[in-house]
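S.K.: Shown below is the structure under consideration.
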There are 2 protein chains.
Amino acid sequence: MTAAIALAGRTRGLTAPNPNVGCIIVRDGRVIGRGWTQAGGRPHAEASAIADAGGDITGATVYATLEPCAHASPRGPACADLLSAAQPARVVIGAGDPDPRTNGKGAERLRAAGIEVTEDIEAAACRASMAGFLTRIATGRPQVTLKLGLSIDGGLAMDDGRSRWITGAAARAHAHVERARHELILVGRGTITADAPKLDVRVAGLESRSPRPVLISSNAAATPAGWLHIASPDQIASLPGDHLMIEGGAGAAAAFLAVDLVDRMLVYRAPVLIGAARTLGDIGLTDLSQAHGRWQMVDMRALGGDRLEIYERRRS
Amino acid sequence: MTAAIALAGRTRGLTAPNPNVGCIIVRDGRVIGRGWTQAGGRPHAEASAIADAGGDITGATVYATLEPCAHASPRGPACADLLSAAQPARVVIGAGDPDPRTNGKGAERLRAAGIEVTEDIEAAACRASMAGFLTRIATGRPQVTLKLGLSIDGGLAMDDGRSRWITGAAARAHAHVERARHELILVGRGTITADAPKLDVRVAGLESRSPRPVLISSNAAATPAGWLHIASPDQIASLPGDHLMIEGGAGAAAAFLAVDLVDRMLVYRAPVLIGAARTLGDIGLTDLSQAHGRWQMVDMRALGGDRLEIYERRRS
């Protein structure tokens with residue numbers, strides 16, 4: 001299942017409105033097929049893996065990170081029907097599919113076809129691998145990741161706005177790879193004016209994965225050609241794509257935090273002190289007790305002399 | 001040597017102006033004596049270890065974190081003379097003693113007495129264990145440790161000054177143990193007024209290790225009874241003790257950072273965002289490039305839900 005999750009990562013940010021799923025087919029201890037949801041959402045991972053296996057998966061075990069879909073569409077058959085016809089011995093499912101058109105019906109249909117089904121295997125890791133899709137299903141909006149480049153003392157910039165550079169080359173390269181995992185990248189108007197940022201992915205081989213830029217501003221007329229526009233954070237539901245990265249600046253970050261619309265934070269932390277720095281603005285706290293219990297560090301790693309701290313919003 | 005360093009830690013903050021040294025004596029593969037510099041600076045570690053061994057260390061190996069002293073004083077004989085008389089087979093020395101009264105003469109005297117001497121064993125760790133003493137010898141002032149309790153976004157407090165609590169109980173308990181490793185604890189006048197802090201060590205068994213409070217203020221008349229007073233950071237050389245902890249507040253911290261008089265930072269970091277927070281004040285940076293290359297993270301650990309990041313000033 002871990003290998004299937006890795007395959008699922010290949011098209012994270014390219015499959016909306018479909019989930020990015022991974023699938024591995026094993027027979028007699030050997031992998032005979034590998035598949036993942038293709039860019040644009042079709043073919044699905046299971047169809048890709050069956051094709052990769054040459055069509056014959058009789059008696060094999062299929063590992064899928066998400067419950068196979070039970071709903072056919074004009075773009076292709078339901079994976080549960082494909083698998084039922086192909087007659088593997090067993091299907092191992094990571095996470096259940098909350099889409100009401102599947103939601104248990106996929107597993108049920110496989111069992112009805114005489115296939116052994118095992119569910120909830122590495123379910124948390126599977127859900128994390130398609131957090132964008134699951135956030136869209138649960139809340140109707142994309143998963144929101146806030147990127148922050150900070151000093152030890154929380155500085156985003158010097159007090160005159162200078163911020164080049166706080167973090168080093170390795171941290172900036174990592175942030176570009178993260179961009180490639182998002183369909184949407186958002187900045188406030190101040191950031192456009194101050195930095196005129198190119199919001200593309202400048203990593204060899206990933207140039208085509210540049211996300212669509214979004215401006216958040218009360219003034220729609222300021223929107224550059226080819227960009228999308230929203231006037232306030234609550235309009236993100238209308239944006240196409242399941243992964244939105246907030247690139248900057250401090251005002252946009254605070255606006256999303258104030259309405260609790262950040263799911264994940266990437267904090268690139270440099271071992272420097274700035275002092276009298278420009279820091280995060282008002283996020284609506286009236287008491288320190290409100291700050292606690294919201295964020296959990298889920299990962300940390302060294303990036304050159306800097307460190308990346310990854311936090312997730314705890315939601316009950 | 002690692003065990004000797006651990007012994008040396010027992011009286012860190014209690015031996016000034018003497019170094020806190022650890023000593024282990026081994027014969028035939030067994031530890032026969034353990035010693036460390038006693039509170040007040042005497043007896044020295046070597047004398048304590050020889051006494052612990054019952055006086056006879058003939059043919060043994062002596063591990064000492066610092067070169068045995070070559071200078072007798074009214075308070076006791078030179079350790080190099082004590083060891084020469086006791087005739088161990090070998091003395092293993094961690095760090096050389098930069099005190100001009102010893103500085104190589106200790107090792108020389110041991111060799112002249114026919115004892116095999118090995119130097120520079122775990123020297124960096126030995127030096128770190130007596131950084132206060134070495135800072136005083138090298139610069140004439142105590143080692144300065146800055147304690148900061150920070151949010152992810154660098155907040156020391158909310159914008160109205162409320163700071164109880166950003167970090168949790170485990171982090172606060174750790175900070176109290178750190179207090180016990182310092183002779184001196186410093187706050188600015190604002191902190192006295194706002195928090196009326198008790199700067200004692202509230203850890204069972206360590207109550208007697210509370211450091212001496214120091215006020216930094218232009219107004220000496222504000223100094224509470226029993227406290228010491230300095231008007232500016234450059235007056236720390238006059239303070240008694242080799243370890244000074246800056247407890248707060250933001251103004252005192254910035255004043256020391258601005259004149260590059262902080263050697264070590266303990267950053268207790270809570271996984272919370274504050275926003276519009278009170279942060280570190282001006283430390284005199286005019287360009288971001290000046291911020292780089294100064295600090296190195298040397299340790300990090302979890303403390304309950306918080307983390308402790310330890311940084312040291314890089315000095316060439």
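Each chain in the structure tokens gets a letter, A, B, ..., in the order shown, and its residues are numbered from 1; ligands are numbered from 1 in order too.
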Residues of chain A were defined as contacting chain B if any atom lay at most 9 Å from it, counting only C-alpha atoms; please report them as an NGL selection string.
M.R.: :A and (150-158 or 162-166 or 254 or 267 or 270-277 or 279-289 or 291-297 or 305 or 311)
S.K.: Fewer than 5 positions away in the same chain doesn't count, so skip those; otherwise give me all residues within 12 Å of Val187 (chain A), counting only C-alpha atoms, as an MDAnalysis selection string.
M.R.: chainID A and resid 146:147 192:199 212:217 223:224 227:233 244:256
S.K.: My list of candidates is B:Val201, B:Cys69, B:Val31, B:Ile121. Which is closest to Glu108 (chain B) when distances are computed with only C-alpha atoms?
M.R.: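 Looking only at the distances to Glu108 (chain B), the closest residue turns out to be B:Cys69.
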S.K.: Figure out the distance between CA of Ser218 (chain B) and CA of His182 (chain B), please, to one decimal in Å.
M.R.: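 Result for CA of His182 (chain B) versus CA of Ser218 (chain B): 23.8 Å, one decimal.
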S.K.: Record the distance separating CA of Ile93 (chain A) and CA of Ala16 (chain A), expressed in Å with one decimal.
M.R.: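 According to the coordinates, CA of Ile93 (chain A) and CA of Ala16 (chain A) are separated by 20.8 Å.
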